[in-house]
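*Asks:* See work_17.cif below, with mmCIF, C-alpha atoms and all ligand atoms.
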```cif
data_protein
#
loop_
_atom_site.label_atom_id
_atom_site.label_comp_id
_atom_site.auth_asym_id
_atom_site.auth_seq_id
_atom_site.Cartn_x
_atom_site.Cartn_y
_atom_site.Cartn_z
CA MET Q 22 138.95 81.28 263.15
CA ARG Q 23 135.84 79.50 261.96
CA ASN Q 24 135.79 75.80 261.36
CA LEU Q 25 133.05 75.09 258.87
CA ASP Q 26 135.16 73.28 256.30
CA LEU Q 27 132.87 70.27 256.35
CA PHE Q 28 130.18 72.34 254.65
CA ASN Q 29 129.96 73.28 250.99
CA SER Q 30 131.28 76.77 250.64
CA ASN Q 31 131.91 79.46 248.08
CA PRO Q 32 135.49 80.65 247.58
CA CYS Q 33 135.33 83.46 250.15
CA ASN Q 34 133.32 81.37 252.64
CA ALA Q 35 130.77 84.16 253.03
CA ILE Q 36 127.81 82.05 251.85
CA GLN Q 37 127.64 78.43 252.91
CA THR Q 38 124.93 75.90 252.32
CA ILE Q 39 124.91 73.84 255.47
CA GLY Q 40 122.05 71.54 254.54
CA ASP Q 41 119.18 71.32 252.09
CA GLY Q 42 117.34 74.62 252.57
CA VAL Q 43 119.75 76.05 255.18
CA VAL Q 44 122.16 78.84 254.32
CA PHE Q 45 124.75 80.52 256.53
CA LEU Q 46 125.71 84.09 255.61
CA SER Q 47 128.87 85.06 257.43
CA GLU Q 48 128.82 88.64 258.81
CA PHE Q 49 126.03 89.53 256.38
CA ALA Q 50 124.50 92.07 258.79
CA LEU Q 51 127.71 94.09 259.22
CA SER Q 52 127.36 96.17 256.05
CA ASN Q 53 124.61 98.23 257.69
CA GLU Q 54 125.58 97.63 261.31
CA GLN Q 55 125.23 101.21 262.55
CA ASP Q 56 121.68 101.67 261.23
CA LEU Q 57 120.69 98.30 262.64
CA LEU Q 58 122.02 99.08 266.11
CA THR Q 59 120.47 102.56 266.13
CA SER Q 60 117.09 101.08 265.16
CA LEU Q 61 117.46 98.34 267.76
CA HIS Q 62 118.07 100.87 270.54
CA GLN Q 63 115.08 102.96 269.42
CA LEU Q 64 112.83 99.90 269.34
CA VAL Q 65 113.86 98.73 272.77
CA ALA Q 66 113.20 102.20 274.19
CA LEU Q 67 109.64 102.06 272.78
CA SER Q 68 108.99 98.43 273.62
CA PRO Q 69 111.36 97.12 276.31
CA PHE Q 70 112.45 93.49 276.66
CA THR Q 71 110.18 91.43 278.90
CA LYS Q 72 110.20 87.89 280.22
CA MET Q 73 107.89 85.38 278.56
CA TYR Q 74 106.43 82.32 280.24
CA THR Q 75 105.81 78.99 278.55
CA PRO Q 76 102.23 77.66 278.61
CA SER Q 77 103.29 75.42 281.51
CA GLY Q 78 104.41 78.48 283.48
CA LEU Q 79 108.19 78.24 283.12
CA ALA Q 80 110.07 81.51 282.63
CA MET Q 81 112.13 81.55 279.43
CA SER Q 82 115.78 82.42 280.01
CA VAL Q 83 115.77 85.03 277.24
CA THR Q 84 113.86 88.29 277.41
CA THR Q 85 112.02 89.34 274.27
CA THR Q 86 110.35 92.12 272.35
CA SER Q 87 109.09 92.39 268.76
CA CYS Q 88 108.47 94.78 265.92
CA GLY Q 89 106.31 94.61 262.83
CA LEU Q 90 102.63 93.90 262.39
CA ALA Q 91 102.72 90.87 264.67
CA GLY Q 92 104.84 89.91 267.67
CA TRP Q 93 105.47 86.42 269.00
CA VAL Q 94 104.05 85.97 272.51
CA SER Q 95 103.80 83.14 274.98
CA ASP Q 96 101.72 82.80 278.13
CA ALA Q 97 99.29 80.42 279.83
CA TYR Q 98 97.15 80.47 276.66
CA GLY Q 99 99.96 79.19 274.44
CA TYR Q 100 102.47 80.28 271.81
CA ARG Q 101 101.08 82.61 269.15
CA TYR Q 102 101.35 85.92 267.31
CA SER Q 103 99.64 89.03 268.61
CA LYS Q 104 99.21 92.42 266.95
CA LYS Q 105 99.63 94.08 270.33
CA ASN Q 106 102.42 94.00 272.88
CA PRO Q 107 100.75 92.43 275.95
CA SER Q 108 102.97 94.50 278.28
CA THR Q 109 101.85 97.86 276.89
CA ASN Q 110 98.60 96.91 275.13
CA LEU Q 111 99.89 98.95 272.17
CA PRO Q 112 100.71 97.82 268.64
CA TRP Q 113 104.32 96.69 268.24
CA PRO Q 114 106.69 99.34 266.83
CA GLN Q 115 106.92 99.40 263.04
CA MET Q 116 109.65 97.28 261.50
CA PRO Q 117 112.53 99.66 260.73
CA GLU Q 118 113.55 99.93 257.08
CA SER Q 119 117.08 98.73 257.91
CA PHE Q 120 115.64 95.54 259.48
CA LEU Q 121 113.33 94.85 256.53
CA GLN Q 122 116.09 95.42 253.98
CA LEU Q 123 118.48 93.13 255.81
CA ALA Q 124 115.91 90.33 256.05
CA GLN Q 125 114.94 90.62 252.40
CA GLN Q 126 118.53 90.77 251.14
CA ALA Q 127 119.50 87.77 253.29
CA ALA Q 128 116.52 85.70 252.11
CA ASP Q 129 117.21 86.67 248.52
CA THR Q 130 120.89 85.74 248.79
CA ALA Q 131 119.89 82.40 250.28
CA GLY Q 132 117.59 81.73 247.32
CA TYR Q 133 114.25 82.69 248.88
CA LYS Q 134 112.87 85.42 246.64
CA ASN Q 135 110.10 87.88 247.60
CA PHE Q 136 110.31 87.35 251.36
CA VAL Q 137 108.06 89.92 253.08
CA PRO Q 138 108.38 89.47 256.84
CA ASP Q 139 105.62 90.94 258.99
CA SER Q 140 107.25 90.05 262.30
CA CYS Q 141 110.65 90.40 263.91
CA LEU Q 142 111.14 88.71 267.26
CA ILE Q 143 114.04 90.17 269.22
CA ASN Q 144 115.55 87.82 271.80
CA ARG Q 145 118.04 89.06 274.39
CA TYR Q 146 120.44 86.50 275.86
CA GLN Q 147 122.49 87.33 278.91
CA ALA Q 148 125.20 84.95 280.15
CA GLY Q 149 123.69 81.51 280.73
CA ALA Q 150 120.52 82.12 278.69
CA LYS Q 151 119.69 79.46 276.11
CA MET Q 152 116.96 78.35 273.74
CA SER Q 153 115.89 74.73 273.95
CA LEU Q 154 115.36 72.74 270.77
CA HIS Q 155 112.08 73.77 269.14
CA GLN Q 156 110.39 74.23 265.77
CA ASP Q 157 109.14 77.59 264.48
CA LYS Q 158 105.59 76.55 263.70
CA ASN Q 159 103.24 79.30 264.88
CA GLU Q 160 103.32 80.93 261.44
CA LYS Q 161 100.54 80.45 258.88
CA ASP Q 162 102.61 79.91 255.76
CA PHE Q 163 105.54 77.48 255.92
CA SER Q 164 106.53 78.29 252.33
CA GLN Q 165 108.19 81.44 253.74
CA PRO Q 166 111.68 81.09 255.23
CA ILE Q 167 113.07 82.13 258.60
CA VAL Q 168 115.86 84.74 258.70
CA SER Q 169 117.86 84.76 261.92
CA VAL Q 170 120.42 87.50 262.69
CA SER Q 171 123.02 87.28 265.46
CA LEU Q 172 124.39 90.37 267.20
CA GLY Q 173 126.70 90.80 270.17
CA LEU Q 174 128.21 87.87 272.09
CA PRO Q 175 128.89 84.64 270.18
CA ALA Q 176 126.64 81.60 270.40
CA THR Q 177 126.50 77.98 269.38
CA PHE Q 178 123.44 77.27 267.26
CA LEU Q 179 122.06 73.74 267.15
CA PHE Q 180 120.36 72.64 263.97
CA GLY Q 181 118.66 69.26 263.74
CA GLY Q 182 115.94 67.66 261.66
CA LEU Q 183 112.19 67.15 261.64
CA ALA Q 184 112.23 65.07 264.84
CA ARG Q 185 113.45 66.32 268.19
CA GLU Q 186 115.71 63.28 268.53
CA ASP Q 187 117.44 63.87 265.17
CA LYS Q 188 121.16 64.47 265.28
CA THR Q 189 122.06 68.16 265.52
CA ILE Q 190 124.98 70.02 264.00
CA ARG Q 191 126.64 72.84 265.94
CA LEU Q 192 127.10 76.10 264.13
CA PRO Q 193 129.18 78.86 265.77
CA LEU Q 194 127.44 82.22 265.35
CA GLU Q 195 129.15 85.56 265.73
CA HIS Q 196 128.18 89.22 265.58
CA GLY Q 197 126.66 89.94 262.18
CA ASP Q 198 126.11 86.34 261.08
CA VAL Q 199 122.79 85.41 259.48
CA VAL Q 200 121.21 81.97 259.10
CA VAL Q 201 118.31 81.44 256.68
CA TRP Q 202 116.27 78.25 256.60
CA GLY Q 203 113.21 77.25 254.64
CA GLY Q 204 111.90 74.76 252.09
CA PRO Q 205 112.65 71.22 253.29
CA ALA Q 206 114.29 72.61 256.45
CA ARG Q 207 111.53 75.07 257.39
CA LEU Q 208 110.28 72.96 260.32
CA PHE Q 209 113.64 71.63 261.49
CA PHE Q 210 114.34 71.67 265.22
CA HIS Q 211 116.89 74.26 266.33
CA GLY Q 212 118.16 75.86 269.52
CA VAL Q 213 120.97 77.79 271.18
CA LEU Q 214 123.43 76.49 273.80
CA PRO Q 215 123.86 78.58 276.99
CA ILE Q 216 125.65 81.84 276.16
CA LYS Q 217 129.09 82.21 277.71
CA ALA Q 218 129.79 85.33 279.75
CA GLY Q 219 131.73 87.99 277.88
CA LYS Q 220 131.66 91.53 276.63
CA HIS Q 221 131.04 92.51 273.04
CA PRO Q 222 132.59 95.86 272.01
CA GLY Q 223 129.33 97.20 270.52
CA LEU Q 224 126.62 95.45 272.51
CA GLY Q 225 128.19 94.69 275.88
CA GLU Q 226 127.35 91.64 277.96
CA GLN Q 227 124.57 90.25 275.80
CA ARG Q 228 123.63 88.49 272.60
CA ILE Q 229 120.70 89.79 270.55
CA ASN Q 230 118.95 87.63 267.99
CA LEU Q 231 116.54 89.03 265.41
CA THR Q 232 114.22 86.43 263.92
CA PHE Q 233 112.28 87.58 260.86
CA ARG Q 234 109.16 85.69 259.85
CA LYS Q 235 106.07 85.94 257.73
CA ALA Q 236 103.72 85.19 260.60
CA LEU Q 237 100.22 86.18 259.48
C1 LIG B 301 115.08 81.12 268.02
O1 LIG B 301 115.12 80.11 267.37
O2 LIG B 301 114.00 81.56 268.43
C2 LIG B 301 116.32 81.89 268.36
C3 LIG B 301 117.52 81.50 267.58
C4 LIG B 301 118.76 82.27 267.99
O3 LIG B 301 118.75 82.94 269.03
O4 LIG B 301 119.75 82.20 267.26
FE FE2 B 302 113.23 79.39 266.57
#
```
Would you mind writing the structure in this file as C-alpha cells?
Ligand code: SIN
Ligand code: FE2

*Replies:*
Amino acid sequence: MRNLDLFNSNPCNAIQTIGDGVVFLSEFALSNEQDLLTSLHQLVALSPFTKMYTPSGLAMSVTTTSCGLAGWVSDAYGYRYSKKNPSTNLPWPQMPESFLQLAQQAADTAGYKNFVPDSCLINRYQAGAKMSLHQDKNEKDFSQPIVSVSLGLPATFLFGGLAREDKTIRLPLEHGDVVVWGGPARLFFHGVLPIKAGKHPGLGEQRINLTFRKAL
C-alpha cells in the first residue's frame, strides 16, 4: 500500500504532482509492459550492461547501457554523451518504438508537450546498488524534461532541490512507475537508496531504470 497522501493527487491516485514541475505516474509503464520488456532484452543482447567509472576513478554500483542517438558515458575524461558505445565502438542501438512512445506519453501526461528524447540511459541495480544525489546536467537543453521509468525490484527515490544540502523527500518506486521532472525542478538533486535484495516475478533479482532525455 502506497503512502503518498501528503501529495496532491487526482481521485484515482494515478497522477500525482509531488512538487512544482515533478509528476509521479503510478504504474504508467504497465500498459505496454510486454513490449517494453521484449525490447529491453533485445537491447541488452546487442549492447550489454557495463560498469562505468566516475572521473575520479570510482566504480559506479550500477551497470549501464543506452539506446538512442546518444548514450550517457563516464570515464576519466568526465561525464558526457557519446554517439558510440565505448565498449563496442558501435553506435548505440536505436530507441525502440515502445520506449519512445512511453516517454512521450508520460511527458505529455505530466504537462511537457512535444518531448523528443534522443537518449535512453538504462541503469541496472542489483541488491545494494544505489545512486548518490546528483543533478542531470550533461544535456544541452534544460527546457526538456527528464522521464524516469522503474522496472523490477522496488526502490526509494530521493528528490531534493537545487542545492545538494536541500531537504529530500523519499518516494517509493515500484515496477511500472514513472517520474517526470522539468521546468523549475529540471536541475533538482535526486538519487536512489541502496536496493534491497529480492526477486521480482518478471525481472528477477534486479531493478532496471530507464531515463529518457533530450541530450543533444
Ligand atoms: C538516475 O537518476 O540516473 C537514476 C534514477 C533511478 O534509478 O531511478
Ligand atoms: Fe539522474

*Asks:* Please give me, as a list in words, the residues lying within 8 Å of ligand FE2 302 (chain B) when counting only C-alpha atoms and all ligand atoms.

*Replies:*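 Here is the list of contacting residues: His155, Gln156, Asp157, Phe210, His211, Gly212 and Thr232 of chain Q.
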
*Asks:* If you count all atoms listed in the file, which residues fall within 12 Å of Pro166 (chain Q), apart from same-chain ones fewer than 5 positions away, as a CSV table (one decimal) with C-alpha atoms, in the coordinates of the input?

*Replies:*
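Below is the file around-v5.csv, written as the result:
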```
chain,number,residue,atom,x,y,z
Q,42,GLY,CA,117.3,74.6,252.6
Q,43,VAL,CA,119.8,76.0,255.2
Q,44,VAL,CA,122.2,78.8,254.3
Q,124,ALA,CA,115.9,90.3,256.0
Q,125,GLN,CA,114.9,90.6,252.4
Q,127,ALA,CA,119.5,87.8,253.3
Q,128,ALA,CA,116.5,85.7,252.1
Q,129,ASP,CA,117.2,86.7,248.5
Q,131,ALA,CA,119.9,82.4,250.3
Q,132,GLY,CA,117.6,81.7,247.3
Q,133,TYR,CA,114.2,82.7,248.9
Q,134,LYS,CA,112.9,85.4,246.6
Q,135,ASN,CA,110.1,87.9,247.6
Q,136,PHE,CA,110.3,87.4,251.4
Q,137,VAL,CA,108.1,89.9,253.1
Q,138,PRO,CA,108.4,89.5,256.8
Q,157,ASP,CA,109.1,77.6,264.5
Q,158,LYS,CA,105.6,76.6,263.7
Q,160,GLU,CA,103.3,80.9,261.4
Q,161,LYS,CA,100.5,80.4,258.9
Q,200,VAL,CA,121.2,82.0,259.1
Q,201,VAL,CA,118.3,81.4,256.7
Q,202,TRP,CA,116.3,78.2,256.6
Q,203,GLY,CA,113.2,77.2,254.6
Q,204,GLY,CA,111.9,74.8,252.1
Q,205,PRO,CA,112.6,71.2,253.3
Q,206,ALA,CA,114.3,72.6,256.4
Q,207,ARG,CA,111.5,75.1,257.4
Q,208,LEU,CA,110.3,73.0,260.3
Q,209,PHE,CA,113.6,71.6,261.5
Q,232,THR,CA,114.2,86.4,263.9
Q,233,PHE,CA,112.3,87.6,260.9
Q,234,ARG,CA,109.2,85.7,259.8
Q,235,LYS,CA,106.1,85.9,257.7
Q,236,ALA,CA,103.7,85.2,260.6
```

*Asks:* Please write out the residues within 8 Å of ligand LIG 301 (chain B) as a list in words, counting all atoms listed in the file.

*Replies:*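 Protein and nucleic-acid residues within 8 Å of ligand LIG 301 (chain B): Leu142, Asn144, Tyr146, Lys151, Met152, His155, Gln156, Asp157, Ser169, Val170, Ser171, Ala176, Phe178, Leu194, His211, Gly212, Val213, Ile229, Asn230, Leu231 and Thr232 of chain Q.
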
*Asks:* Write out, as JSON lines, each residue of region 55-90 of chain Q that has an atom at most 6 Å from region 101-121 of chain Q, together with the closest pair of atoms and their distance in Å to one decimal, counting all atoms listed in the file, rows going by chain and rising number.

*Replies:*
```
{"residue": "Q:Leu57", "atom": "CA", "partner": "Q:Ser119", "partner_atom": "CA", "distance": 6.0}
{"residue": "Q:Cys88", "atom": "CA", "partner": "Q:Pro114", "partner_atom": "CA", "distance": 5.0}
{"residue": "Q:Gly89", "atom": "CA", "partner": "Q:Met116", "partner_atom": "CA", "distance": 4.5}
{"residue": "Q:Leu90", "atom": "CA", "partner": "Q:Lys104", "partner_atom": "CA", "distance": 5.9}
```

*Asks:* So that I can see what lies close to Ala50 (chain Q), please list as a PyMOL selection string the residues with an atom at most 8 Å from it, counting all atoms listed in the file and leaving out residues fewer than 4 positions away in the same chain.

*Replies:* chain Q and resi 54+123+170+197-199

*Asks:* Take CA of Thr71 (chain Q) and CA of Gln227 (chain Q) and report the distance between them in Å, one decimal.

*Replies:*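 It comes out at 14.8 Å.
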
*Asks:* How many Å lie between CA of Tyr74 (chain Q) and CA of Gly223 (chain Q), rounded to one decimal?

*Replies:* 29.0 Å

*Asks:* Counting only C-alpha atoms, which residue out of Q:Ser140, Q:Ser153, Q:Thr59, Q:Gln122 sits closest to Leu214 (chain Q)?

*Replies:*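 With only C-alpha atoms as the atom set, the closest residue is Q:Ser153.
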
*Asks:* Restricting the calculation to all atoms listed in the file, which member of Q:Ala148, Q:Leu237, Q:Ile143, Q:Ala80 is positioned closest to Phe163 (chain Q)?

*Replies:*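 Ranking Q:Ala148, Q:Leu237, Q:Ile143, Q:Ala80 by distance to Phe163 (chain Q), first place goes to Q:Leu237.
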
*Asks:* Just checking: using only C-alpha atoms, which residue out of Q:Pro193, Q:Phe180, Q:Leu154, Q:Arg145 ends up closest to Glu226 (chain Q)?

*Replies:* Q:Arg145

*Asks:* Between CA of Tyr98 (chain Q) and CA of Thr85 (chain Q), what is the distance in Å, rounded to a tenth?

*Replies:*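 According to the coordinates, CA of Tyr98 (chain Q) and CA of Thr85 (chain Q) are separated by 17.5 Å.
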